file model18.cif (mmCIF, C-alpha atoms)
data_model
#
loop_
_atom_site.label_atom_id
_atom_site.label_comp_id
_atom_site.auth_asym_id
_atom_site.auth_seq_id
_atom_site.Cartn_x
_atom_site.Cartn_y
_atom_site.Cartn_z
CA MET A 1 -20.82 24.60 -6.61
CA ARG A 2 -20.87 22.06 -9.42
CA ASN A 3 -17.64 21.50 -11.24
CA PRO A 4 -18.45 22.07 -14.92
CA ILE A 5 -17.66 19.27 -17.34
CA ILE A 6 -17.88 20.16 -21.00
CA TRP A 7 -19.42 17.27 -22.89
CA PRO A 8 -18.20 16.77 -26.46
CA VAL A 9 -20.67 17.22 -29.30
CA LEU A 10 -21.48 13.83 -30.73
CA ALA A 11 -21.53 13.68 -34.50
CA VAL A 12 -24.61 12.11 -36.11
CA ALA A 13 -23.55 9.81 -38.94
CA LEU A 14 -25.57 9.25 -42.10
CA VAL A 15 -25.54 5.62 -43.24
CA GLY A 16 -25.09 4.95 -46.98
CA GLY A 17 -27.43 7.74 -48.07
CA CYS A 18 -30.29 6.31 -46.01
CA ALA A 19 -32.71 8.65 -44.30
CA GLY A 20 -32.06 7.05 -40.88
CA THR A 21 -29.45 8.32 -38.43
CA GLN A 22 -27.66 6.79 -35.47
CA ALA A 23 -29.32 7.57 -32.18
CA GLU A 24 -27.37 9.87 -29.91
CA PRO A 25 -26.54 8.45 -26.47
CA ALA A 26 -28.69 9.74 -23.65
CA ALA A 27 -27.37 12.69 -21.68
CA PRO A 28 -25.52 11.72 -18.48
CA GLU A 29 -27.70 11.28 -15.42
CA GLN A 30 -27.01 13.97 -12.84
CA LEU A 31 -26.19 12.42 -9.47
CA THR A 32 -24.88 13.45 -6.07
CA VAL A 33 -23.53 11.72 -2.96
CA GLN A 34 -25.62 10.68 0.02
CA VAL A 35 -23.38 10.18 3.06
CA VAL A 36 -24.15 7.03 5.06
CA GLN A 37 -21.14 7.00 7.41
CA THR A 38 -17.82 8.73 7.99
CA LEU A 39 -14.58 6.91 8.84
CA PRO A 40 -11.15 8.24 9.80
CA HIS A 41 -8.46 8.50 7.13
CA ASP A 42 -4.71 8.88 7.52
CA THR A 43 -3.93 12.55 6.81
CA SER A 44 -0.45 11.59 5.59
CA ALA A 45 -1.96 9.44 2.81
CA PHE A 46 -1.70 11.07 -0.62
CA THR A 47 -4.39 8.76 -1.98
CA GLU A 48 -3.89 7.52 -5.53
CA GLY A 49 -5.73 4.19 -5.52
CA LEU A 50 -8.44 2.69 -3.31
CA GLU A 51 -10.00 -0.76 -3.62
CA PHE A 52 -11.69 -3.42 -1.49
CA SER A 53 -10.96 -7.11 -1.75
CA GLY A 54 -13.43 -8.75 0.61
CA THR A 55 -13.22 -6.74 3.83
CA THR A 56 -9.66 -5.58 3.20
CA LEU A 57 -9.15 -2.04 1.93
CA TYR A 58 -6.07 -1.47 -0.21
CA GLU A 59 -4.72 2.06 -0.57
CA SER A 60 -1.92 3.17 -2.89
CA ARG A 61 -0.22 6.39 -1.83
CA GLY A 62 1.85 8.80 -3.88
CA LEU A 63 4.59 11.43 -3.52
CA ASP A 64 8.34 10.95 -3.80
CA GLY A 65 9.67 9.53 -0.55
CA GLN A 66 6.16 8.92 0.84
CA SER A 67 4.74 6.44 -1.66
CA ALA A 68 3.42 3.22 -0.16
CA LEU A 69 0.82 0.48 -0.42
CA THR A 70 -1.29 -0.42 2.61
CA ALA A 71 -3.91 -3.06 3.37
CA GLY A 72 -6.27 -3.52 6.31
CA PRO A 73 -9.75 -2.81 7.65
CA ALA A 74 -11.33 0.43 6.50
CA GLY A 75 -11.06 3.22 9.04
CA GLN A 76 -8.34 1.45 11.05
CA ALA A 77 -4.56 1.39 10.99
CA PRO A 78 -3.38 -0.83 8.13
CA SER A 79 -2.27 -4.34 9.04
CA THR A 80 0.22 -4.50 6.16
CA ARG A 81 2.31 -1.77 4.59
CA VAL A 82 5.16 -1.59 2.09
CA ALA A 83 7.03 1.55 1.07
CA LEU A 84 8.11 2.38 -2.47
CA PRO A 85 11.74 3.47 -2.60
CA SER A 86 12.44 7.03 -3.70
CA PRO A 87 11.94 8.39 -6.33
CA LEU A 88 9.06 6.04 -7.19
CA PHE A 89 5.58 7.58 -7.12
CA GLY A 90 2.74 5.15 -6.37
CA GLU A 91 -0.52 5.37 -8.31
CA GLY A 92 -3.59 3.19 -8.92
CA VAL A 93 -4.02 -0.33 -7.54
CA THR A 94 -6.29 -3.29 -8.26
CA VAL A 95 -6.50 -6.71 -6.60
CA LEU A 96 -7.05 -9.96 -8.51
CA GLY A 97 -7.18 -12.77 -5.97
CA PRO A 98 -3.68 -13.79 -4.85
CA LYS A 99 -1.98 -11.00 -6.78
CA LEU A 100 -2.39 -7.29 -7.38
CA TRP A 101 -1.10 -4.63 -9.71
CA GLN A 102 0.15 -1.23 -8.54
CA LEU A 103 0.95 1.54 -11.01
CA THR A 104 3.76 4.04 -10.85
CA TRP A 105 3.20 7.53 -12.20
CA GLN A 106 6.12 8.49 -14.47
CA ASP A 107 8.49 5.66 -13.64
CA GLY A 108 7.45 3.55 -16.62
CA PHE A 109 6.38 0.29 -14.99
CA ALA A 110 3.66 -1.48 -13.04
CA ILE A 111 4.45 -3.61 -10.00
CA GLU A 112 2.88 -7.03 -9.56
CA ARG A 113 2.61 -7.98 -5.87
CA ASP A 114 1.42 -10.74 -3.59
CA SER A 115 -1.94 -9.47 -2.34
CA LYS A 116 -1.48 -10.91 1.18
CA THR A 117 2.09 -9.85 1.96
CA LEU A 118 2.30 -6.98 -0.59
CA ALA A 119 5.73 -8.35 -1.53
CA GLU A 120 6.93 -7.29 -4.97
CA LEU A 121 6.94 -10.12 -7.52
CA ARG A 122 7.99 -8.36 -10.71
CA ARG A 123 7.95 -5.10 -12.64
CA VAL A 124 6.41 -4.79 -16.08
CA PRO A 125 7.19 -1.76 -18.27
CA PHE A 126 4.53 0.31 -20.01
CA GLU A 127 4.55 3.48 -22.07
CA GLY A 128 3.24 6.82 -20.80
CA GLU A 129 1.97 7.73 -17.36
CA GLY A 130 0.08 5.59 -14.86
CA TRP A 131 -2.88 7.13 -13.01
CA GLY A 132 -5.86 4.89 -12.17
CA LEU A 133 -6.41 1.13 -12.33
CA CYS A 134 -9.28 -1.32 -11.78
CA HIS A 135 -10.41 -4.66 -13.19
CA GLN A 136 -13.58 -6.06 -14.70
CA PRO A 137 -15.27 -9.37 -13.78
CA ASP A 138 -13.34 -11.25 -16.48
CA GLY A 139 -10.08 -9.93 -15.00
CA ARG A 140 -9.39 -7.43 -17.78
CA LEU A 141 -7.55 -4.41 -16.41
CA VAL A 142 -8.76 -0.87 -17.06
CA MET A 143 -6.18 1.91 -16.79
CA SER A 144 -6.17 5.70 -17.02
CA ASN A 145 -3.21 7.93 -17.83
CA GLY A 146 -4.60 11.43 -17.28
CA SER A 147 -6.05 11.69 -20.77
CA SER A 148 -9.61 11.08 -21.97
CA SER A 149 -8.85 7.43 -22.77
CA LEU A 150 -9.31 4.20 -20.84
CA THR A 151 -6.81 1.50 -21.81
CA PHE A 152 -7.56 -2.20 -21.43
CA ARG A 153 -4.74 -4.55 -20.42
CA ASP A 154 -4.20 -8.26 -20.01
CA PRO A 155 -4.18 -9.18 -16.29
CA GLN A 156 -1.29 -11.61 -16.71
CA THR A 157 1.08 -9.79 -19.07
CA PHE A 158 -0.12 -6.18 -18.67
CA ALA A 159 -0.12 -5.95 -22.49
CA VAL A 160 -2.55 -3.49 -24.11
CA THR A 161 -5.64 -5.22 -25.53
CA GLY A 162 -7.71 -2.17 -26.54
CA SER A 163 -8.91 1.27 -25.53
CA VAL A 164 -11.93 3.54 -25.55
CA ASP A 165 -12.21 7.31 -25.56
CA VAL A 166 -14.49 8.89 -22.96
CA GLY A 167 -14.34 12.44 -24.27
CA VAL A 168 -13.42 13.98 -20.90
CA ASP A 169 -9.79 14.71 -20.13
CA GLN A 170 -7.81 14.01 -16.93
CA LEU A 171 -9.49 10.77 -15.92
CA ASN A 172 -7.79 9.72 -12.70
CA GLU A 173 -8.57 7.10 -10.03
CA LEU A 174 -10.83 4.29 -11.29
CA GLU A 175 -13.27 1.79 -9.80
CA CYS A 176 -14.78 -1.04 -11.82
CA VAL A 177 -18.25 -2.39 -11.06
CA GLY A 178 -19.18 -4.94 -13.71
CA ASP A 179 -19.03 -3.22 -17.10
CA THR A 180 -19.22 0.19 -15.44
CA VAL A 181 -16.17 2.28 -14.60
CA TYR A 182 -16.29 5.13 -12.09
CA ALA A 183 -13.58 7.75 -12.62
CA ASN A 184 -12.46 10.79 -10.68
CA VAL A 185 -11.83 13.83 -12.87
CA TRP A 186 -8.59 15.35 -11.56
CA LYS A 187 -8.81 18.69 -9.74
CA THR A 188 -12.61 18.53 -9.60
CA GLY A 189 -15.26 17.15 -7.28
CA THR A 190 -16.76 15.16 -10.15
CA ILE A 191 -16.93 11.38 -10.49
CA LEU A 192 -18.00 10.01 -13.87
CA ARG A 193 -19.95 6.79 -14.41
CA ILE A 194 -18.76 5.29 -17.70
CA ASP A 195 -19.93 2.42 -19.89
CA ALA A 196 -16.63 0.62 -20.47
CA LYS A 197 -17.90 -1.01 -23.68
CA THR A 198 -18.56 2.29 -25.45
CA GLY A 199 -16.81 4.98 -23.41
CA HIS A 200 -20.15 6.78 -23.06
CA VAL A 201 -20.60 8.73 -19.82
CA THR A 202 -23.90 7.58 -18.32
CA GLY A 203 -23.72 9.60 -15.12
CA SER A 204 -21.98 12.63 -13.60
CA ILE A 205 -21.72 12.56 -9.81
CA ASP A 206 -21.20 15.79 -7.91
CA ALA A 207 -19.08 14.91 -4.86
CA GLY A 208 -17.68 18.41 -4.44
CA GLY A 209 -19.56 19.07 -1.23
CA LEU A 210 -17.94 16.30 0.79
CA ARG A 211 -15.16 18.61 1.97
CA THR A 212 -16.36 22.21 1.74
CA PRO A 213 -14.20 24.12 2.13
CA VAL A 214 -11.12 21.95 1.86
CA THR A 215 -8.81 22.65 4.80
CA PRO A 216 -5.37 24.11 3.95
CA GLY A 217 -2.90 21.27 3.54
CA GLU A 218 -5.46 18.93 2.01
CA ASP A 219 -5.58 18.12 -1.68
CA VAL A 220 -8.21 17.04 -4.19
CA LEU A 221 -10.88 14.36 -4.14
CA ASN A 222 -9.31 11.05 -5.19
CA GLY A 223 -10.20 7.53 -4.20
CA ILE A 224 -13.29 5.43 -4.99
CA ALA A 225 -13.85 1.90 -3.66
CA ALA A 226 -17.04 -0.08 -4.19
CA ILE A 227 -18.07 -1.80 -0.94
CA PRO A 228 -18.66 -5.50 -1.70
CA GLY A 229 -22.22 -6.74 -1.35
CA THR A 230 -23.72 -3.23 -1.27
CA ASP A 231 -24.63 -0.37 -3.58
CA GLU A 232 -22.32 1.91 -1.57
CA PHE A 233 -18.84 3.31 -2.10
CA LEU A 234 -16.02 4.57 0.05
CA VAL A 235 -14.78 7.95 -1.20
CA THR A 236 -11.89 10.08 0.07
CA GLY A 237 -9.20 12.52 -1.07
CA LYS A 238 -5.48 13.17 -0.89
CA LEU A 239 -4.45 14.00 2.70
CA TRP A 240 -8.08 14.07 3.86
CA PRO A 241 -8.86 13.22 7.51
CA THR A 242 -12.08 11.45 6.56
CA MET A 243 -13.39 8.71 4.29
CA PHE A 244 -17.07 8.86 3.37
CA ARG A 245 -19.31 5.85 2.93
CA VAL A 246 -21.80 7.05 0.33
CA ARG A 247 -24.50 6.17 -2.14
CA PHE A 248 -24.70 7.79 -5.54
CA VAL A 249 -28.26 9.11 -5.84
CA PRO A 250 -30.15 11.35 -8.30
CA GLU A 251 -29.98 15.03 -7.45
CA SER A 252 -33.78 15.08 -7.22
CA ALA A 253 -33.67 12.48 -4.42
CA ARG A 254 -31.38 14.66 -2.33
CA LYS A 255 -33.57 17.70 -2.90
CA GLY A 256 -36.66 15.70 -2.01
CA THR A 257 -38.39 16.48 -5.31
#

call {"tool": "encode", "arguments": {"input": "model18.cif", "output": "structure tokens"}}
result
Amino acid sequence: MRNPIIWPVLAVALVGGCAGTQAEPAAPEQLTVQVVQTLPHDTSAFTEGLEFSGTTLYESRGLDGQSALTAGPAGQAPSTRVALPSPLFGEGVTVLGPKLWQLTWQDGFAIERDSKTLAELRRVPFEGEGWGLCHQPDGRLVMSNGSSSLTFRDPQTFAVTGSVDVGVDQLNELECVGDTVYANVWKTGTILRIDAKTGHVTGSIDAGGLRTPVTPGEDVLNGIAAIPGTDEFLVTGKLWPTMFRVRFVPESARKGT
């Protein structure tokens, strides 16, 4: 069953008494997932962040006492792993060449790490909660905090440089592909495709059927990683036994219409 997302009504502005009006953005394209391959996933991983850098898959894991960051080939045991000391709760992660940023949830800081060794380099404070994180081609960071906003941050200082409102609450794990941001909506099977320049949702992806029904002990869909050099993504969830290599396709393509 589709997870309903209520789209906000967009106000039409009149310009200086002129007869013309601003054009309303097009309605979001309705998409679904086409599974290409399945890979094993560590069922102890409470997935909060997922991102490829080359052929290396980075996964940030949450929960007090179980939070960690891992790196290695997709579908295999990680080659590198670091634990976060209790009570830290790991959240989103993004890799920028020799360094990476890992969020904490309610601990008030982001951790900059060496992307090869995962060694902690420094901690930078920020206000509010940390949920998802990705970066755009120019290096600008994009962060979610569970609200309807995406916050842009400087990749060196982690300082806020701007924000955009998407109009849909509880944006969670993020994946950047050019100027497009893909975002899980927490507690749903929906992934949104967002124009980062405007905040407009250009697509709504129904991924709710990947684990139907969800086995007791598993948690919600969370984790999106674009696979370099392809139009495919790796998608998983918290404590799921499987990662899915998928394409996002129009619903009509799946139905064969």

call {"tool": "closest_residue", "arguments": {"input": "model18.cif", "among": "A:Gly208, A:Gly229, A:Gly65, A:Pro73", "to": "Leu39 (chain A)", "atoms": "all atoms listed in the file"}}
result
A:Pro73

call {"tool": "resolve_selection", "arguments": {"input": "model18.cif", "expression": "the PyMOL selection byres ((chain A and resi 186) around 6)", "output": "compact mmCIF listing (two decimals) with C-alpha atoms, in the frame of the given file"}}
result
# COMPACT_ATOMS: atom_id res chain seq x y z
CA GLN A 170 -7.81 14.01 -16.93
CA ASN A 172 -7.79 9.72 -12.70
CA VAL A 185 -11.83 13.83 -12.87
CA LYS A 187 -8.81 18.69 -9.74
CA THR A 188 -12.61 18.53 -9.60

call {"tool": "resolve_selection", "arguments": {"input": "model18.cif", "expression": "the PyMOL selection byres ((chain A and resi 102-117) around 9)", "output": "VMD selection string"}}
result
chain A and resid 49 60 62 69 71 80 to 82 87 to 101 118 to 133 145 158

call {"tool": "resolve_selection", "arguments": {"input": "model18.cif", "expression": "the PyMOL selection byres ((chain A and resi 228) around 12)", "output": "PyMOL selection string"}}
result
chain A and resi 51-57+176-177+225-227+229-234

call {"tool": "atom_distance", "arguments": {"input": "model18.cif", "atom1": "CA of Phe46 (chain A)", "atom2": "CA of Leu63 (chain A)"}}
result
6.9 Å

call {"tool": "closest_residue", "arguments": {"input": "model18.cif", "among": "A:Arg211, A:Arg193, A:Arg245, A:Lys238", "to": "Glu48 (chain A)", "atoms": "all atoms listed in the file"}}
result
A:Lys238

call {"tool": "closest_residue", "arguments": {"input": "model18.cif", "among": "A:Val33, A:Ala45, A:Val160, A:Val249", "to": "Ser67 (chain A)", "atoms": "all atoms listed in the file"}}
result
A:Ala45

call {"tool": "atom_distance", "arguments": {"input": "model18.cif", "atom1": "CA of Gln34 (chain A)", "atom2": "CA of Pro250 (chain A)"}}
result
9.5 Å

call {"tool": "axis_aligned_box", "arguments": {"input": "model18.cif", "around": "region 135-148 of chain A", "padding_each_side": "5 Å", "output": "AutoDock Vina command-line options"}}
result
--center_x -9.2 --center_y 0.2 --center_z -17.6 --size_x 22.1 --size_y 32.9 --size_z 18.8

call {"tool": "closest_residue", "arguments": {"input": "model18.cif", "among": "A:Asn222, A:Gln30, A:Met143, A:Pro25", "to": "Gly203 (chain A)", "atoms": "all atoms listed in the file"}}
result
A:Gln30

call {"tool": "atom_distance", "arguments": {"input": "model18.cif", "atom1": "CA of Leu174 (chain A)", "atom2": "CA of Thr242 (chain A)"}}
result
19.3 Å

call {"tool": "closest_residue", "arguments": {"input": "model18.cif", "among": "A:Gly167, A:Gly223, A:Gly189, A:Gly237", "to": "Gly209 (chain A)", "atoms": "all atoms listed in the file"}}
result
A:Gly189

call {"tool": "closest_residue", "arguments": {"input": "model18.cif", "among": "A:Gly217, A:Pro78, A:Thr180, A:Leu84", "to": "Asp64 (chain A)", "atoms": "only C-alpha atoms"}}
result
A:Leu84

call {"tool": "decode", "arguments": {"input": "model18.cif", "residues": "region 22-45 of chain A", "atoms": "N, CA, C and O atoms", "output": "short mmCIF file (atom, residue, chain, number, x, y, z; two decimals), in the first residue's frame"}}
result
data_model
loop_
_atom_site.label_atom_id
_atom_site.label_comp_id
_atom_site.auth_asym_id
_atom_site.auth_seq_id
_atom_site.Cartn_x
_atom_site.Cartn_y
_atom_site.Cartn_z
N GLN A 22 2.53 33.43 -11.29
CA GLN A 22 3.64 32.50 -11.30
C GLN A 22 3.13 31.09 -11.58
O GLN A 22 2.10 30.68 -11.05
N ALA A 23 3.85 30.39 -12.41
CA ALA A 23 3.45 29.02 -12.73
C ALA A 23 3.68 28.11 -11.54
O ALA A 23 4.70 28.21 -10.85
N GLU A 24 2.73 27.25 -11.28
CA GLU A 24 2.89 26.28 -10.20
C GLU A 24 3.82 25.16 -10.66
O GLU A 24 3.79 24.74 -11.82
N PRO A 25 4.69 24.68 -9.76
CA PRO A 25 5.55 23.55 -10.12
C PRO A 25 4.72 22.33 -10.51
O PRO A 25 3.61 22.14 -10.04
N ALA A 26 5.28 21.53 -11.39
CA ALA A 26 4.59 20.31 -11.81
C ALA A 26 4.42 19.37 -10.63
O ALA A 26 5.21 19.36 -9.69
N ALA A 27 3.36 18.59 -10.66
CA ALA A 27 3.13 17.60 -9.61
C ALA A 27 4.26 16.57 -9.62
O ALA A 27 4.83 16.28 -10.67
N PRO A 28 4.61 16.02 -8.46
CA PRO A 28 5.69 15.03 -8.40
C PRO A 28 5.40 13.82 -9.27
O PRO A 28 4.28 13.30 -9.31
N GLU A 29 6.41 13.36 -9.98
CA GLU A 29 6.30 12.13 -10.76
C GLU A 29 6.16 10.95 -9.80
O GLU A 29 6.85 10.87 -8.79
N GLN A 30 5.27 10.03 -10.12
CA GLN A 30 5.04 8.87 -9.28
C GLN A 30 5.91 7.71 -9.77
O GLN A 30 5.78 7.25 -10.90
N LEU A 31 6.82 7.27 -8.89
CA LEU A 31 7.80 6.26 -9.25
C LEU A 31 7.72 5.07 -8.30
O LEU A 31 7.11 5.14 -7.23
N THR A 32 8.36 3.98 -8.69
CA THR A 32 8.48 2.81 -7.83
C THR A 32 9.88 2.23 -7.99
O THR A 32 10.70 2.79 -8.72
N VAL A 33 10.17 1.13 -7.30
CA VAL A 33 11.50 0.54 -7.36
C VAL A 33 11.46 -0.74 -8.21
O VAL A 33 10.55 -1.55 -8.08
N GLN A 34 12.45 -0.88 -9.04
CA GLN A 34 12.65 -2.09 -9.83
C GLN A 34 13.90 -2.77 -9.31
O GLN A 34 15.00 -2.22 -9.42
N VAL A 35 13.75 -3.94 -8.72
CA VAL A 35 14.88 -4.62 -8.09
C VAL A 35 15.75 -5.28 -9.15
O VAL A 35 15.27 -6.07 -9.97
N VAL A 36 17.04 -4.98 -9.11
CA VAL A 36 18.02 -5.54 -10.04
C VAL A 36 18.79 -6.68 -9.38
O VAL A 36 19.10 -7.69 -10.03
N GLN A 37 19.07 -6.55 -8.08
CA GLN A 37 19.89 -7.53 -7.37
C GLN A 37 19.63 -7.38 -5.87
O GLN A 37 19.27 -6.31 -5.39
N THR A 38 19.80 -8.46 -5.14
CA THR A 38 19.75 -8.39 -3.68
C THR A 38 21.12 -8.77 -3.13
O THR A 38 21.82 -9.64 -3.68
N LEU A 39 21.50 -8.12 -2.04
CA LEU A 39 22.78 -8.37 -1.37
C LEU A 39 22.52 -8.54 0.12
O LEU A 39 21.57 -7.97 0.67
N PRO A 40 23.34 -9.31 0.82
CA PRO A 40 23.15 -9.45 2.26
C PRO A 40 23.47 -8.17 3.00
O PRO A 40 24.30 -7.37 2.57
N HIS A 41 22.80 -8.00 4.14
CA HIS A 41 23.01 -6.83 5.00
C HIS A 41 23.07 -7.29 6.44
O HIS A 41 22.33 -8.18 6.85
N ASP A 42 23.96 -6.70 7.20
CA ASP A 42 24.14 -7.05 8.61
C ASP A 42 22.87 -6.72 9.39
O ASP A 42 22.47 -5.56 9.48
N THR A 43 22.24 -7.72 9.96
CA THR A 43 20.98 -7.51 10.69
C THR A 43 21.17 -6.81 12.03
O THR A 43 20.19 -6.45 12.68
N SER A 44 22.41 -6.57 12.42
CA SER A 44 22.66 -5.79 13.64
C SER A 44 22.85 -4.31 13.32
O SER A 44 23.03 -3.50 14.24
N ALA A 45 22.81 -3.96 12.03
CA ALA A 45 23.08 -2.58 11.61
C ALA A 45 21.80 -1.76 11.63
O ALA A 45 20.90 -1.98 10.82
#
